[in-house]
Each structure stands twice: as structure tokens, then as C-alpha cells.
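Q: I'd like to ask some things about the structure below.
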Amino acid sequence: MLILGIESSCDETAAAVVRDGRTVLSNVVYSQSDLHSSYGGVVPELASRKHIETIIPVITEALGQAKVSIAEIEALGVTQGPGLIGSILVGLSVAKSLAFVRRIPLCGVNHIEGHVAAVFLTQEVPSFPFVALIVSGGHTQTYLVRSLGDLTVLGRTRDDAAGEAFDKAAKMLGIGYPGGVVIDRIARQGNPGYHRFPRAMPGSLDFSFSGLKTSLFNLLRKRGGVPEGEELADLLASYQEAIADVLLEKTLLAAESCGVRSVVICGGVAANSRLRERFRGEGSLRGLNIFIPPAVLCTDNAAMIAVMAEEHLSRGRRDGVDLNAFSRSPSG
């Protein structure tokens with residue numbers, strides 16, 4: 001089946017053509033980072049307006065790269081949540097219109113499930129069941145995944161997501177946006193043992209990053225400003241290490257508690273080089289199978305949405321034009 005996937009849950013407008021849920025023919029992503037950089041974060045109203053401007057050109061580009069016409073598309077998969085409602089509704093409206101006009105099946109996809117599905121676009125895929133860490137700007141959760149579409153929450157953040165901790169730290173330090181990307185780049189030159197930041201809720205499967213941000217704020221206030229050069233790199237490496245430690249410890253604890261040997265790391269923060277290094281190193285020591293999609297499939301994209309849509313469609317699910325968006329996932 002040839003599926004057109006559409007993703008617009010936050011500040012990336014994306015479209016992809018995927019064959020049989022495994023072969024990516026195109027995967028086009030338009031990033032709004034430049035638009036939001038001066039604000040230090042995503043402005044929802046600006047994001048939804050930019051989606052309106054770019055979604056048709058992005059879909060057209062995806063069809064062109066795949067060398068197929070809209071008439072050859074057999075089904076549509078689209079993100080229906082969670083995320084920014086205004087942004088989601090843009091993609092949802094276009095997908096419903098195309099499905100109605102072309103008289104082809106439509107399937108709404110949970111964005112979180114889509115991130116998990118991204119790993120099945122790689123050469124080596126995990127066997128069920130496995131534990132998945134979904135870590136991004138809006139989500140930090142672990143799940144027991146028995147099959148695609150069958151996810152049980154094991155742990156979740158009590159306050160901010162890990163991606164927020166990165167972005168807000170970068171804004172605090174005035175070093176640029178998106179924060180996670182900037183911190184990852186600068187921290188590579190730093191010493192992660194420079195400063196010991198707190199690791200919240202040890203022994204629990206739940207996450208908390210608000211105290212980490214407060215610790216950074218108090219440290220900057222105490223020293224009277226933002227460090228520069230080597231000291232800044234050391235500070236960021238230490239801050240990043242605290243986040244990586246927490247994500248690693250709690251995810252591996254979740255895998256141990258479920259008795260599984262395979263762990264999937266997905267979501268935008270899974271593109272972080274230090275996090276990938278730590279998981280692969282610790283996984284090797286513990287005899288665990290660690291699966292992390294390439295960075296292009298970790299950040300928001302439409303190929304993962306098409307994969308999840310293929311799974312739902314194969315089970316007979318079909319959505320109508322009354323399909324609506326949701327801002328928070330029913331699964332938490």
C-alpha cells in the first residue's frame with residue numbers, strides 16, 4: 001500500500017510517501033526554527049500560520065521526490081495529536097480534504113505512537129515486547145510496547161519534558177534555539193564532571209526536570225552571569241550529563257522491571273549525541289539490545305506517521321471526516 005503521511009503537530013511541516021509501511025520513498029520536513037528562534041521557543045499562533053503557508057508545497061515536494069502522483073496514493077495517515085491544536089488542525093484538515101476528494105482511506109495517528117513506529121524504518125528492528133523511551137520537547141515517557149498500537153505507560157514526567165529542560169536552559173544562557181541542538185554541539189567540548197547537577201526521583205520510573213532547571217538558574221545567579229568559552233562548555237556538558245543520566249537510569253530500570261532485553265529510544269531528544277553514546281555503551285555492558293533511529297527519524301517527520309497508519313489500516317481501522325484533533329494523548 002502506498003501511503004501519504006502528514007505531520008504538523010508542532011513547528012515542523014512534514015509529508016512523506018511510504019510503501020507497505022517499511023520503504024520510504026520520500027520524507028520532506030520544513031522546519032520553522034528560524035521563525036521561532038528570536039522567541040526562544042515555539043509560538044503556537046505563528047506555527048499554525050506557517051503550516052498553512054507551507055503544507056501544500058511540502059506535500060507536493062514529497063510526491064515529487066517519490067515520483068508518484070496524488071492519484072497513486074492509496075491511503076492517508078495524519079497526526080491527530082498530541083501537540084499544538086492549531087498546528088495539528090492544519091494537517092488534519094488537508095488530509096481529510098484529500099481523503100474525501102480522492103475517496104481513499106484516512107487514518108488518524110497518535111504522534112507518540114508514530115515516534116515508536118519510526119524504528120521499524122531501520123534495517124535492524126526490535127522484537128516485541130520492548131521498552132520504549134519517548135523523549136522530546138513535549139514528552140518524556142517510558143512504555144512497554146507489546147505491539148504497534150499496544151503501549152502501556154511505565155513512567156512519565158511530573159513536570160517538564162527533557163527537551164524543555166534543554167530549551168529553557170539555552171534560553172536562560174542566551175545561546176540560541178533550538179536549545180537541544182546548541183547544547184549538544186557546545187557540550188562536546190566540555191567536561192561532564194565539571195559540576196554535579198541534581199538527578200531527581202532516583203529509584204522511580206517517573207521523571208522530573210524542573211529542579212534541574214532551578215539548579216542551573218541558582219548557579220548562574222550565584223556566579224553573577226553566564227560563563228563563556230571553556231567554562232560554558234563544561235557547564236553545558238555537566239547539565240546535559242544530568243539529563244542523560246536520568247533518562248538512562250530510569251529507562252533501563254523500566255526494562256529490568258518488565259524483563260525485556262530490547263530498548264528503543266525515540267523522539268527529538270534521541271538525536272542528542274551524548275544520549276545515544278550513553279545508551280549504546282551501557283546497553284553493551286548489560287547485554288541489552290539498544291535501538292535508536294537515525295536522527296532524521298527521531299525528530300518530527302511524516303514517515304513515522306505513515307508507518308503507524310499502515311499498521312492501523314491493516315487491522316481494518318478507517319476514520320471519517322469527523323476525525324478531530326487532541327492536544328493531550330489519551331494514554332498520557
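Ordering of the C-alpha cells sets the chain letters (A, B, ...); residue numbers start at 1 within each chain; ligands are numbered from 1 in the order shown.
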Excluding Ile3 in chain A and its own-chain neighbours fewer than 2 positions away, which residues fall within 10 Å of it when counting only C-alpha atoms? Please give them as a ChimeraX atom specification.

A: /A:1,5-6,16-21,24,72-77,105-106,303,305-307,309-310

Q: Tell me, which residues of range 120-239 of chain A carry DSSP strand (DSSP E or B), written as a ChimeraX atom specification?

A: /A:130-135,140-147,150-157,207

Q: I need the residues from that last selection saved to file as a PDB file, in the first residue's frame (with N, CA, C and O atoms), if you can.

A:
```pdb
ATOM      1  N   PHE A 130       9.082  -4.733  23.904  1.00  0.00           N
ATOM      2  CA  PHE A 130      10.264  -3.950  24.245  1.00  0.00           C
ATOM      3  C   PHE A 130       9.842  -2.719  25.032  1.00  0.00           C
ATOM      4  O   PHE A 130       8.661  -2.373  25.078  1.00  0.00           O
ATOM      5  N   VAL A 131      10.819  -2.095  25.673  1.00  0.00           N
ATOM      6  CA  VAL A 131      10.570  -0.835  26.373  1.00  0.00           C
ATOM      7  C   VAL A 131      11.002   0.308  25.474  1.00  0.00           C
ATOM      8  O   VAL A 131      12.071   0.251  24.853  1.00  0.00           O
ATOM      9  N   ALA A 132      10.171   1.324  25.374  1.00  0.00           N
ATOM     10  CA  ALA A 132      10.488   2.496  24.551  1.00  0.00           C
ATOM     11  C   ALA A 132      10.544   3.740  25.423  1.00  0.00           C
ATOM     12  O   ALA A 132       9.659   3.964  26.260  1.00  0.00           O
ATOM     13  N   LEU A 133      11.591   4.523  25.230  1.00  0.00           N
ATOM     14  CA  LEU A 133      11.680   5.854  25.823  1.00  0.00           C
ATOM     15  C   LEU A 133      11.344   6.857  24.734  1.00  0.00           C
ATOM     16  O   LEU A 133      12.020   6.907  23.707  1.00  0.00           O
ATOM     17  N   ILE A 134      10.291   7.624  24.961  1.00  0.00           N
ATOM     18  CA  ILE A 134       9.925   8.684  24.020  1.00  0.00           C
ATOM     19  C   ILE A 134      10.308   9.993  24.679  1.00  0.00           C
ATOM     20  O   ILE A 134       9.743  10.381  25.715  1.00  0.00           O
ATOM     21  N   VAL A 135      11.279  10.671  24.098  1.00  0.00           N
ATOM     22  CA  VAL A 135      11.847  11.848  24.744  1.00  0.00           C
ATOM     23  C   VAL A 135      11.975  12.982  23.730  1.00  0.00           C
ATOM     24  O   VAL A 135      12.655  12.857  22.706  1.00  0.00           O
ATOM     25  N   THR A 140       8.303  13.095  27.787  1.00  0.00           N
ATOM     26  CA  THR A 140       9.323  12.212  28.339  1.00  0.00           C
ATOM     27  C   THR A 140       8.580  11.099  29.065  1.00  0.00           C
ATOM     28  O   THR A 140       8.048  11.302  30.158  1.00  0.00           O
ATOM     29  N   GLN A 141       8.509   9.947  28.418  1.00  0.00           N
ATOM     30  CA  GLN A 141       7.742   8.825  28.944  1.00  0.00           C
ATOM     31  C   GLN A 141       8.404   7.516  28.544  1.00  0.00           C
ATOM     32  O   GLN A 141       9.059   7.438  27.504  1.00  0.00           O
ATOM     33  N   THR A 142       8.221   6.494  29.377  1.00  0.00           N
ATOM     34  CA  THR A 142       8.624   5.141  29.007  1.00  0.00           C
ATOM     35  C   THR A 142       7.365   4.293  28.873  1.00  0.00           C
ATOM     36  O   THR A 142       6.389   4.472  29.618  1.00  0.00           O
ATOM     37  N   TYR A 143       7.421   3.374  27.911  1.00  0.00           N
ATOM     38  CA  TYR A 143       6.292   2.498  27.627  1.00  0.00           C
ATOM     39  C   TYR A 143       6.765   1.056  27.492  1.00  0.00           C
ATOM     40  O   TYR A 143       7.876   0.800  27.021  1.00  0.00           O
ATOM     41  N   LEU A 144       5.899   0.140  27.873  1.00  0.00           N
ATOM     42  CA  LEU A 144       6.067  -1.247  27.482  1.00  0.00           C
ATOM     43  C   LEU A 144       5.290  -1.410  26.192  1.00  0.00           C
ATOM     44  O   LEU A 144       4.075  -1.163  26.147  1.00  0.00           O
ATOM     45  N   VAL A 145       5.975  -1.798  25.123  1.00  0.00           N
ATOM     46  CA  VAL A 145       5.356  -1.918  23.804  1.00  0.00           C
ATOM     47  C   VAL A 145       5.194  -3.396  23.468  1.00  0.00           C
ATOM     48  O   VAL A 145       6.170  -4.103  23.228  1.00  0.00           O
ATOM     49  N   ARG A 146       3.963  -3.868  23.471  1.00  0.00           N
ATOM     50  CA  ARG A 146       3.683  -5.272  23.155  1.00  0.00           C
ATOM     51  C   ARG A 146       3.489  -5.468  21.659  1.00  0.00           C
ATOM     52  O   ARG A 146       3.740  -6.542  21.121  1.00  0.00           O
ATOM     53  N   SER A 147       3.019  -4.423  20.996  1.00  0.00           N
ATOM     54  CA  SER A 147       2.894  -4.391  19.540  1.00  0.00           C
ATOM     55  C   SER A 147       2.670  -2.936  19.164  1.00  0.00           C
ATOM     56  O   SER A 147       2.400  -2.102  20.042  1.00  0.00           O
ATOM     57  N   ASP A 150      -0.131  -0.973  20.883  1.00  0.00           N
ATOM     58  CA  ASP A 150      -0.399  -1.513  22.217  1.00  0.00           C
ATOM     59  C   ASP A 150       0.715  -1.077  23.148  1.00  0.00           C
ATOM     60  O   ASP A 150       1.715  -1.774  23.335  1.00  0.00           O
ATOM     61  N   LEU A 151       0.563   0.109  23.726  1.00  0.00           N
ATOM     62  CA  LEU A 151       1.566   0.720  24.593  1.00  0.00           C
ATOM     63  C   LEU A 151       1.003   0.908  26.000  1.00  0.00           C
ATOM     64  O   LEU A 151      -0.123   1.396  26.154  1.00  0.00           O
ATOM     65  N   THR A 152       1.770   0.528  27.005  1.00  0.00           N
ATOM     66  CA  THR A 152       1.395   0.736  28.397  1.00  0.00           C
ATOM     67  C   THR A 152       2.399   1.672  29.041  1.00  0.00           C
ATOM     68  O   THR A 152       3.611   1.429  28.993  1.00  0.00           O
ATOM     69  N   VAL A 153       1.912   2.754  29.650  1.00  0.00           N
ATOM     70  CA  VAL A 153       2.795   3.728  30.286  1.00  0.00           C
ATOM     71  C   VAL A 153       3.467   3.107  31.507  1.00  0.00           C
ATOM     72  O   VAL A 153       2.815   2.519  32.366  1.00  0.00           O
ATOM     73  N   LEU A 154       4.797   3.265  31.586  1.00  0.00           N
ATOM     74  CA  LEU A 154       5.569   2.806  32.738  1.00  0.00           C
ATOM     75  C   LEU A 154       6.009   3.976  33.606  1.00  0.00           C
ATOM     76  O   LEU A 154       5.973   3.913  34.826  1.00  0.00           O
ATOM     77  N   GLY A 155       6.444   5.036  32.967  1.00  0.00           N
ATOM     78  CA  GLY A 155       6.879   6.232  33.683  1.00  0.00           C
ATOM     79  C   GLY A 155       6.650   7.460  32.837  1.00  0.00           C
ATOM     80  O   GLY A 155       6.664   7.385  31.608  1.00  0.00           O
ATOM     81  N   ARG A 156       6.447   8.585  33.501  1.00  0.00           N
ATOM     82  CA  ARG A 156       6.209   9.837  32.771  1.00  0.00           C
ATOM     83  C   ARG A 156       6.774  11.000  33.574  1.00  0.00           C
ATOM     84  O   ARG A 156       7.053  10.869  34.768  1.00  0.00           O
ATOM     85  N   THR A 157       6.923  12.145  32.937  1.00  0.00           N
ATOM     86  CA  THR A 157       7.440  13.305  33.634  1.00  0.00           C
ATOM     87  C   THR A 157       6.356  13.910  34.523  1.00  0.00           C
ATOM     88  O   THR A 157       5.180  13.953  34.150  1.00  0.00           O
ATOM     89  N   PHE A 207       9.810  10.850  35.875  1.00  0.00           N
ATOM     90  CA  PHE A 207      10.852  11.833  35.614  1.00  0.00           C
ATOM     91  C   PHE A 207      10.466  13.194  36.192  1.00  0.00           C
ATOM     92  O   PHE A 207       9.284  13.504  36.339  1.00  0.00           O
TER      93      PHE A 207
END
```

Q: Excluding Ser97 in chain A and its own-chain neighbours fewer than 5 positions away, which residues fall within 12 Å of it when counting only C-alpha atoms? Please give them as a PyMOL selection string.

A: chain A and resi 76+78+89-92+102-106+320-323

Q: To one decimal in Å, tell me the separation between CA of Ile85 in chain A and CA of Ser8 in chain A.

A: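 Computing it gives 9.6 Å between the two atoms.
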
Q: DSSP on the backbone, alpha helix (DSSP H) only: what residues of range 70-113 of chain A does that give? Format it as number ranges by chain.

A: A: 85-102, 111-113

Q: Those same residues, written as a short mmCIF file (atom, residue, chain, number, x, y, z; two decimals), in the first residue's frame with all heavy atoms?

A:
```
data_model
loop_
_atom_site.label_atom_id
_atom_site.label_comp_id
_atom_site.auth_asym_id
_atom_site.auth_seq_id
_atom_site.Cartn_x
_atom_site.Cartn_y
_atom_site.Cartn_z
N ILE A 85 -2.86 22.34 19.10
CA ILE A 85 -4.12 22.13 18.39
C ILE A 85 -4.18 22.89 17.07
O ILE A 85 -4.57 22.35 16.03
CB ILE A 85 -5.31 22.53 19.29
CG1 ILE A 85 -5.57 21.44 20.33
CG2 ILE A 85 -6.57 22.73 18.45
CD1 ILE A 85 -6.09 20.13 19.76
N GLY A 86 -3.79 24.15 17.09
CA GLY A 86 -3.85 24.95 15.86
C GLY A 86 -2.99 24.36 14.75
O GLY A 86 -3.40 24.32 13.58
N SER A 87 -1.82 23.87 15.11
CA SER A 87 -0.92 23.26 14.13
C SER A 87 -1.48 21.93 13.61
O SER A 87 -1.48 21.66 12.41
CB SER A 87 0.46 23.03 14.76
OG SER A 87 1.10 24.25 15.03
N ILE A 88 -1.95 21.11 14.53
CA ILE A 88 -2.49 19.80 14.14
C ILE A 88 -3.67 19.95 13.19
O ILE A 88 -3.79 19.21 12.20
CB ILE A 88 -2.93 19.00 15.39
CG1 ILE A 88 -1.73 18.68 16.28
CG2 ILE A 88 -3.63 17.70 14.99
CD1 ILE A 88 -2.10 18.16 17.65
N LEU A 89 -4.54 20.92 13.47
CA LEU A 89 -5.75 21.09 12.65
C LEU A 89 -5.42 21.43 11.20
O LEU A 89 -6.20 21.10 10.30
CB LEU A 89 -6.64 22.17 13.27
CG LEU A 89 -7.42 21.73 14.51
CD1 LEU A 89 -8.11 22.93 15.16
CD2 LEU A 89 -8.45 20.66 14.16
N VAL A 90 -4.28 22.07 10.97
CA VAL A 90 -3.90 22.38 9.59
C VAL A 90 -3.67 21.09 8.82
O VAL A 90 -4.24 20.87 7.74
CB VAL A 90 -2.65 23.28 9.55
CG1 VAL A 90 -2.20 23.50 8.10
CG2 VAL A 90 -2.92 24.62 10.22
N GLY A 91 -2.81 20.22 9.35
CA GLY A 91 -2.54 18.96 8.68
C GLY A 91 -3.77 18.07 8.58
O GLY A 91 -4.01 17.42 7.56
N LEU A 92 -4.55 18.06 9.65
CA LEU A 92 -5.75 17.23 9.69
C LEU A 92 -6.77 17.67 8.64
O LEU A 92 -7.38 16.84 7.95
CB LEU A 92 -6.37 17.31 11.09
CG LEU A 92 -7.33 16.21 11.52
CD1 LEU A 92 -6.67 14.84 11.47
CD2 LEU A 92 -7.84 16.49 12.93
N SER A 93 -6.94 18.97 8.49
CA SER A 93 -7.91 19.49 7.52
C SER A 93 -7.50 19.14 6.09
O SER A 93 -8.34 18.75 5.27
CB SER A 93 -8.03 21.02 7.66
OG SER A 93 -8.53 21.36 8.93
N VAL A 94 -6.21 19.27 5.79
CA VAL A 94 -5.73 18.94 4.45
C VAL A 94 -5.88 17.44 4.18
O VAL A 94 -6.34 17.03 3.11
CB VAL A 94 -4.25 19.37 4.28
CG1 VAL A 94 -3.68 18.83 2.97
CG2 VAL A 94 -4.14 20.88 4.33
N ALA A 95 -5.53 16.61 5.17
CA ALA A 95 -5.63 15.16 4.99
C ALA A 95 -7.08 14.73 4.79
O ALA A 95 -7.37 13.89 3.91
CB ALA A 95 -5.03 14.45 6.21
N LYS A 96 -7.99 15.28 5.56
CA LYS A 96 -9.40 14.92 5.42
C LYS A 96 -9.94 15.35 4.05
O LYS A 96 -10.70 14.62 3.42
CB LYS A 96 -10.23 15.55 6.54
CG LYS A 96 -10.00 14.90 7.90
CD LYS A 96 -11.06 15.28 8.92
CE LYS A 96 -10.92 16.69 9.39
NZ LYS A 96 -11.85 17.00 10.50
N SER A 97 -9.51 16.52 3.60
CA SER A 97 -9.96 17.00 2.29
C SER A 97 -9.47 16.10 1.16
O SER A 97 -10.23 15.73 0.26
CB SER A 97 -9.46 18.43 2.06
OG SER A 97 -9.97 19.32 3.04
N LEU A 98 -8.18 15.73 1.23
CA LEU A 98 -7.62 14.85 0.20
C LEU A 98 -8.29 13.49 0.20
O LEU A 98 -8.61 12.93 -0.86
CB LEU A 98 -6.11 14.70 0.41
CG LEU A 98 -5.24 15.89 0.06
CD1 LEU A 98 -3.80 15.66 0.52
CD2 LEU A 98 -5.27 16.17 -1.45
N ALA A 99 -8.51 12.94 1.40
CA ALA A 99 -9.14 11.62 1.51
C ALA A 99 -10.56 11.66 0.97
O ALA A 99 -11.01 10.72 0.29
CB ALA A 99 -9.14 11.16 2.96
N PHE A 100 -11.28 12.73 1.25
CA PHE A 100 -12.66 12.86 0.79
C PHE A 100 -12.74 12.98 -0.73
O PHE A 100 -13.53 12.31 -1.40
CB PHE A 100 -13.31 14.08 1.45
CG PHE A 100 -14.74 14.31 1.04
CD1 PHE A 100 -15.76 13.54 1.57
CD2 PHE A 100 -15.05 15.29 0.11
CE1 PHE A 100 -17.08 13.76 1.20
CE2 PHE A 100 -16.36 15.51 -0.28
CZ PHE A 100 -17.39 14.73 0.26
N VAL A 101 -11.88 13.84 -1.27
CA VAL A 101 -11.90 14.08 -2.72
C VAL A 101 -11.42 12.85 -3.49
O VAL A 101 -12.01 12.46 -4.51
CB VAL A 101 -11.03 15.31 -3.07
CG1 VAL A 101 -10.85 15.43 -4.58
CG2 VAL A 101 -11.65 16.58 -2.50
N ARG A 102 -10.35 12.19 -2.98
CA ARG A 102 -9.79 11.03 -3.66
C ARG A 102 -10.53 9.73 -3.33
O ARG A 102 -10.29 8.70 -3.96
CB ARG A 102 -8.30 10.87 -3.30
CG ARG A 102 -7.40 12.04 -3.67
CD ARG A 102 -7.39 12.33 -5.14
NE ARG A 102 -7.18 11.11 -5.93
CZ ARG A 102 -7.42 11.01 -7.24
NH1 ARG A 102 -7.90 12.06 -7.90
NH2 ARG A 102 -7.19 9.89 -7.87
N HIS A 111 0.73 10.85 17.69
CA HIS A 111 2.11 11.27 17.41
C HIS A 111 3.13 10.46 18.22
O HIS A 111 4.21 10.12 17.71
CB HIS A 111 2.23 12.76 17.76
CG HIS A 111 3.57 13.35 17.55
ND1 HIS A 111 4.02 13.76 16.31
CD2 HIS A 111 4.59 13.62 18.40
CE1 HIS A 111 5.24 14.26 16.42
NE2 HIS A 111 5.61 14.18 17.68
N ILE A 112 2.80 10.14 19.45
CA ILE A 112 3.71 9.37 20.31
C ILE A 112 3.92 7.97 19.74
O ILE A 112 5.05 7.47 19.66
CB ILE A 112 3.16 9.30 21.75
CG1 ILE A 112 3.24 10.68 22.40
CG2 ILE A 112 3.93 8.27 22.59
CD1 ILE A 112 2.60 10.76 23.77
N GLU A 113 2.84 7.32 19.32
CA GLU A 113 2.96 6.01 18.70
C GLU A 113 3.77 6.08 17.41
O GLU A 113 4.51 5.16 17.06
CB GLU A 113 1.57 5.43 18.42
CG GLU A 113 0.77 5.13 19.67
CD GLU A 113 -0.61 4.55 19.37
OE1 GLU A 113 -1.01 4.54 18.18
OE2 GLU A 113 -1.28 4.11 20.31
#
```

Q: Please provide the set of residues having any atom within 10 Å of Met201 in chain A, restricted to only C-alpha atoms, with same-chain residues fewer than 5 positions apart removed, written as a list in words.

A: Asp206, Phe207, Ser208, Phe209, Val246 and Lys250 of chain A

Q: Include N, CA, C and O atoms and write out the residues we just selected as a JSON list (two decimals), in the first residue's frame.

A:
```json
[["chain", "number", "residue", "atom", "x", "y", "z"],
["A", 206, "ASP", "N", 9.27, 7.48, 37.17],
["A", 206, "ASP", "CA", 8.82, 8.80, 36.72],
["A", 206, "ASP", "C", 10.01, 9.77, 36.63],
["A", 206, "ASP", "O", 11.06, 9.55, 37.24],
["A", 207, "PHE", "N", 9.81, 10.85, 35.87],
["A", 207, "PHE", "CA", 10.85, 11.83, 35.61],
["A", 207, "PHE", "C", 10.47, 13.19, 36.19],
["A", 207, "PHE", "O", 9.28, 13.50, 36.34],
["A", 208, "SER", "N", 11.46, 14.00, 36.48],
["A", 208, "SER", "CA", 11.24, 15.39, 36.88],
["A", 208, "SER", "C", 12.48, 16.20, 36.50],
["A", 208, "SER", "O", 13.60, 15.82, 36.86],
["A", 209, "PHE", "N", 12.27, 17.29, 35.78],
["A", 209, "PHE", "CA", 13.40, 18.12, 35.34],
["A", 209, "PHE", "C", 13.30, 19.58, 35.81],
["A", 209, "PHE", "O", 14.18, 20.38, 35.51],
["A", 246, "VAL", "N", 19.61, 10.58, 34.04],
["A", 246, "VAL", "CA", 18.24, 10.30, 34.46],
["A", 246, "VAL", "C", 17.50, 9.46, 33.42],
["A", 246, "VAL", "O", 16.83, 8.47, 33.76],
["A", 250, "LYS", "N", 16.42, 5.48, 34.40],
["A", 250, "LYS", "CA", 15.01, 5.14, 34.52],
["A", 250, "LYS", "C", 14.52, 4.23, 33.38],
["A", 250, "LYS", "O", 13.67, 3.37, 33.58]]
```

Q: For each of A:Ile175, A:Val116, A:Ala47, A:Ile290, take the minimum atom-to-atom distance to Val263 in chain A, counting only C-alpha atoms, then give the residue where this is smallest.

A: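 With only C-alpha atoms as the atom set, the closest residue is A:Ile290.
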
Q: One decimal, in Å: what's the spacing between CA of Arg158 in chain A and CA of Pro44 in chain A?

A: 22.8 Å

Q: Show me, as a VMD selection string, the residues that have an atom within 9 Å of Pro126 in chain A when counting only C-alpha atoms, minus same-chain residues fewer than 6 positions from it.

A: chain A and resid 119 to 120 262 to 264 289 to 291

Q: Quick one: write out the picked residues with N, CA, C and O atoms as a PDB file, in the first residue's frame?

A:
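And here is the file that came out, again_26.pdb:
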```pdb
ATOM      1  N   VAL A 119      11.235   3.339  14.425  1.00  0.00           N
ATOM      2  CA  VAL A 119      12.328   2.363  14.489  1.00  0.00           C
ATOM      3  C   VAL A 119      12.140   1.246  13.464  1.00  0.00           C
ATOM      4  O   VAL A 119      13.113   0.585  13.072  1.00  0.00           O
ATOM      5  N   PHE A 120      10.925   1.051  12.982  1.00  0.00           N
ATOM      6  CA  PHE A 120      10.662  -0.001  12.003  1.00  0.00           C
ATOM      7  C   PHE A 120      10.977   0.435  10.574  1.00  0.00           C
ATOM      8  O   PHE A 120      10.734  -0.308   9.621  1.00  0.00           O
ATOM      9  N   SER A 262      15.195  -5.645  24.984  1.00  0.00           N
ATOM     10  CA  SER A 262      15.292  -4.672  23.896  1.00  0.00           C
ATOM     11  C   SER A 262      14.741  -3.328  24.347  1.00  0.00           C
ATOM     12  O   SER A 262      13.677  -3.266  24.986  1.00  0.00           O
ATOM     13  N   VAL A 263      15.459  -2.271  24.013  1.00  0.00           N
ATOM     14  CA  VAL A 263      15.079  -0.911  24.391  1.00  0.00           C
ATOM     15  C   VAL A 263      15.149  -0.020  23.162  1.00  0.00           C
ATOM     16  O   VAL A 263      16.147  -0.037  22.428  1.00  0.00           O
ATOM     17  N   VAL A 264      14.098   0.748  22.941  1.00  0.00           N
ATOM     18  CA  VAL A 264      14.038   1.688  21.816  1.00  0.00           C
ATOM     19  C   VAL A 264      14.060   3.111  22.367  1.00  0.00           C
ATOM     20  O   VAL A 264      13.326   3.437  23.297  1.00  0.00           O
ATOM     21  N   ASN A 289      19.732  -4.997  23.912  1.00  0.00           N
ATOM     22  CA  ASN A 289      19.666  -4.581  22.516  1.00  0.00           C
ATOM     23  C   ASN A 289      19.095  -3.162  22.473  1.00  0.00           C
ATOM     24  O   ASN A 289      17.937  -2.947  22.847  1.00  0.00           O
ATOM     25  N   ILE A 290      19.910  -2.212  22.057  1.00  0.00           N
ATOM     26  CA  ILE A 290      19.507  -0.810  22.017  1.00  0.00           C
ATOM     27  C   ILE A 290      19.214  -0.404  20.572  1.00  0.00           C
ATOM     28  O   ILE A 290      20.061  -0.582  19.695  1.00  0.00           O
ATOM     29  N   PHE A 291      18.029   0.127  20.349  1.00  0.00           N
ATOM     30  CA  PHE A 291      17.625   0.555  19.013  1.00  0.00           C
ATOM     31  C   PHE A 291      17.334   2.059  19.039  1.00  0.00           C
ATOM     32  O   PHE A 291      16.468   2.518  19.793  1.00  0.00           O
TER      33      PHE A 291
END
```

Q: Of the candidates A:Gly40, A:Gly229, A:Pro57, A:Pro192, which shows the shortest atom-to-atom distance to Gly174 in chain A, using only C-alpha atoms?

A: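 Using only C-alpha atoms, Gly174 in chain A sits closest to A:Gly40.
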